[in-house]
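Asker: So that we are looking at the same thing, I have put the structure below in structure tokens.
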Amino acid sequence: MTPATGIDAGTRLARLCRALGNPARSAIVRFLQTQKSPCTCGAIVSHLPLAQSTVSQHLKVLHEAGWVRRTVEPPRVRYRLEVDTLQEFKRLAAGL
């Protein structure tokens, strides 16, 4: 991935921040950061005081922003933190 610069960097940082702007999504990212292997939605739900449908919606937003990678293993979907996105976020935030 080519590093974003100028207005593109600002746009990307804003998109990443918007996805983390909800406390539940931030908690999901923090949880996934501690996991050594991909997790199911159920595993995430067991660590948060949220309904499965709510966690699923938050995972969708995180996936669309690039924070989470999902792997379909029927009948389950497994989620993991996209480490490259975390590094990108750190780099973009450091540039403020």
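Lettering and numbering for the structure tokens are positional, with chains as A, B, ... in the shown order, residues counted from 1 in each chain, and ligands counted from 1 in the shown order.
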Could you list, as a ChimeraX atom specification, every residue within 10 Å of region 23-35 of chain A, counting only C-alpha atoms and ignoring same-chain residues fewer than 6 positions away?
Answerer: /A:17,44-45,47-50,54-55,57-59,61-62,67-68,79-83,86
Asker: Name all residues at most 9 Å from region 71-76 of chain A (count only C-alpha atoms; drop same-chain ones fewer than 2 positions away) and give them as a list in words.
Answerer: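 The filter keeps Pro38, Thr40, Cys41, Arg69, Arg78, Tyr79 and Arg80 of chain A.
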Asker: With only C-alpha atoms as the basis for distance, which of A:Ile7, A:Arg70, A:Arg91, A:Glu64 is at the shortest distance from Cys39 (chain A)?
Answerer: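 Closest candidate: A:Arg70.
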Asker: Determine which residues of chain A receive a DSSP assignment of helix (DSSP H, G or I), computed from the backbone, and state them as number ranges by chain.
Answerer: A: 6-20, 23-33, 41-45, 52-65, 83-94
Asker: Restricting the calculation to only C-alpha atoms, which member of A:Ala94, A:Ala65, A:Ala43, A:Val77 is positioned closest to Thr11 (chain A)?
Answerer: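 For Thr11 (chain A), the nearest of the candidates is A:Ala65.
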Asker: Find the spatial neighbours of Gly10 (chain A), counting only C-alpha atoms, within a cut-off of 10 Å - ignore same-chain residues fewer than 3 positions away - and output them as an NGL selection string.
Answerer: :A and (4-7 or 13-16 or 92-93 or 95-96)
Asker: Residues of chain A classed as strand (DSSP E) by DSSP on the backbone are to be reported as a list in words.
Answerer: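 Going through chain A, the strand (DSSP E) residues come out as Cys39, Thr40, Val68, Arg69, Arg70, Thr71, Val72, Glu73, Arg76, Val77, Arg78, Tyr79, Arg80 and Leu81 of chain A.
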Asker: Store the residues picked out above in a file with all heavy atoms, as a compact mmCIF listing (two decimals), in the first residue's frame.
Answerer:
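Writing done, so here's out-v2.txt:
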```
# COMPACT_ATOMS: atom_id res chain seq x y z
N CYS A 39 -10.88 -14.53 15.82
CA CYS A 39 -11.98 -14.83 16.74
C CYS A 39 -13.32 -14.81 16.02
O CYS A 39 -13.50 -14.05 15.07
CB CYS A 39 -12.06 -13.76 17.83
SG CYS A 39 -10.58 -13.56 18.78
N THR A 40 -14.24 -15.57 16.53
CA THR A 40 -15.62 -15.49 16.03
C THR A 40 -16.31 -14.32 16.71
O THR A 40 -15.85 -13.81 17.74
CB THR A 40 -16.39 -16.77 16.35
OG1 THR A 40 -16.47 -16.92 17.77
CG2 THR A 40 -15.75 -18.00 15.72
N VAL A 68 -10.43 -4.34 10.52
CA VAL A 68 -10.62 -5.76 10.79
C VAL A 68 -10.62 -6.54 9.48
O VAL A 68 -11.20 -6.12 8.49
CB VAL A 68 -11.97 -5.97 11.53
CG1 VAL A 68 -12.32 -7.43 11.64
CG2 VAL A 68 -11.93 -5.33 12.90
N ARG A 69 -9.96 -7.68 9.52
CA ARG A 69 -10.00 -8.61 8.39
C ARG A 69 -10.89 -9.77 8.81
O ARG A 69 -10.83 -10.24 9.93
CB ARG A 69 -8.61 -9.13 8.06
CG ARG A 69 -8.65 -10.17 6.92
CD ARG A 69 -7.29 -10.62 6.53
NE ARG A 69 -6.61 -9.50 5.87
CZ ARG A 69 -5.40 -9.58 5.36
NH1 ARG A 69 -4.72 -10.69 5.45
NH2 ARG A 69 -4.86 -8.54 4.77
N ARG A 70 -11.73 -10.20 7.88
CA ARG A 70 -12.60 -11.34 8.20
C ARG A 70 -12.32 -12.48 7.23
O ARG A 70 -12.03 -12.27 6.06
CB ARG A 70 -14.05 -10.94 8.20
CG ARG A 70 -14.57 -10.40 6.91
CD ARG A 70 -16.00 -9.92 7.08
NE ARG A 70 -16.43 -9.32 5.83
CZ ARG A 70 -17.46 -8.51 5.72
NH1 ARG A 70 -18.17 -8.21 6.77
NH2 ARG A 70 -17.79 -8.01 4.56
N THR A 71 -12.42 -13.67 7.79
CA THR A 71 -12.21 -14.89 7.02
C THR A 71 -13.45 -15.75 7.18
O THR A 71 -13.85 -16.05 8.31
CB THR A 71 -10.98 -15.66 7.53
OG1 THR A 71 -9.85 -14.78 7.52
CG2 THR A 71 -10.68 -16.87 6.68
N VAL A 72 -14.06 -16.11 6.07
CA VAL A 72 -15.27 -16.93 6.11
C VAL A 72 -14.85 -18.39 6.18
O VAL A 72 -14.11 -18.89 5.34
CB VAL A 72 -16.16 -16.68 4.88
CG1 VAL A 72 -17.39 -17.57 4.92
CG2 VAL A 72 -16.55 -15.21 4.80
N GLU A 73 -15.30 -19.05 7.26
CA GLU A 73 -15.09 -20.48 7.45
C GLU A 73 -16.46 -21.06 7.79
O GLU A 73 -16.79 -21.21 8.96
CB GLU A 73 -14.10 -20.73 8.59
CG GLU A 73 -12.72 -20.16 8.33
CD GLU A 73 -11.80 -20.27 9.53
OE1 GLU A 73 -12.19 -20.85 10.57
OE2 GLU A 73 -10.67 -19.78 9.43
N ARG A 76 -19.05 -20.18 10.14
CA ARG A 76 -18.59 -19.05 10.94
C ARG A 76 -17.76 -18.07 10.12
O ARG A 76 -17.21 -18.42 9.08
CB ARG A 76 -17.75 -19.54 12.11
CG ARG A 76 -18.54 -20.34 13.11
CD ARG A 76 -17.74 -20.55 14.36
NE ARG A 76 -18.59 -20.96 15.45
CZ ARG A 76 -18.87 -22.23 15.72
NH1 ARG A 76 -18.37 -23.19 14.98
NH2 ARG A 76 -19.65 -22.52 16.73
N VAL A 77 -17.66 -16.87 10.67
CA VAL A 77 -16.74 -15.87 10.14
C VAL A 77 -15.78 -15.56 11.28
O VAL A 77 -16.19 -15.38 12.43
CB VAL A 77 -17.48 -14.59 9.70
CG1 VAL A 77 -16.50 -13.54 9.21
CG2 VAL A 77 -18.51 -14.92 8.63
N ARG A 78 -14.50 -15.51 10.97
CA ARG A 78 -13.49 -15.21 11.99
C ARG A 78 -12.92 -13.82 11.70
O ARG A 78 -12.75 -13.45 10.54
CB ARG A 78 -12.40 -16.26 12.00
CG ARG A 78 -12.96 -17.64 12.33
CD ARG A 78 -11.89 -18.58 12.78
NE ARG A 78 -12.46 -19.87 13.07
CZ ARG A 78 -12.93 -20.24 14.27
NH1 ARG A 78 -12.89 -19.39 15.26
NH2 ARG A 78 -13.42 -21.43 14.46
N TYR A 79 -12.63 -13.10 12.76
CA TYR A 79 -12.16 -11.73 12.66
C TYR A 79 -10.80 -11.59 13.33
O TYR A 79 -10.53 -12.22 14.35
CB TYR A 79 -13.16 -10.78 13.36
CG TYR A 79 -14.52 -10.81 12.74
CD1 TYR A 79 -15.48 -11.71 13.19
CD2 TYR A 79 -14.85 -9.95 11.70
CE1 TYR A 79 -16.74 -11.75 12.62
CE2 TYR A 79 -16.11 -9.98 11.12
CZ TYR A 79 -17.05 -10.88 11.59
OH TYR A 79 -18.29 -10.92 11.02
N ARG A 80 -9.98 -10.73 12.74
CA ARG A 80 -8.70 -10.40 13.37
C ARG A 80 -8.38 -8.95 13.07
O ARG A 80 -8.85 -8.38 12.07
CB ARG A 80 -7.59 -11.31 12.92
CG ARG A 80 -7.12 -11.10 11.51
CD ARG A 80 -5.90 -12.00 11.22
NE ARG A 80 -5.48 -11.88 9.87
CZ ARG A 80 -4.62 -10.96 9.43
NH1 ARG A 80 -4.10 -10.09 10.25
NH2 ARG A 80 -4.28 -10.92 8.17
N LEU A 81 -7.58 -8.37 13.94
CA LEU A 81 -7.15 -6.99 13.74
C LEU A 81 -6.23 -6.93 12.54
O LEU A 81 -5.34 -7.78 12.37
CB LEU A 81 -6.42 -6.49 14.99
CG LEU A 81 -5.92 -5.06 14.94
CD1 LEU A 81 -7.08 -4.07 14.86
CD2 LEU A 81 -5.06 -4.77 16.16
```
Asker: Report, in Å to a single decimal, how far apart CA of Ala19 (chain A) and CA of Lys36 (chain A) are.
Answerer: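 Taking CA of Lys36 (chain A) as the start and CA of Ala19 (chain A) as the end point, the length is 22.5 Å.
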Asker: So the first atom is CA of Leu20 (chain A) and the second is CA of Ser56 (chain A); what is the distance between them in Å, to one decimal place?
Answerer: 15.0 Å
Asker: One number please: CA of Lys90 (chain A) to CA of Ala9 (chain A), in Å, one decimal.
Answerer: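 CA of Ala9 (chain A) lies 12.0 Å from CA of Lys90 (chain A).
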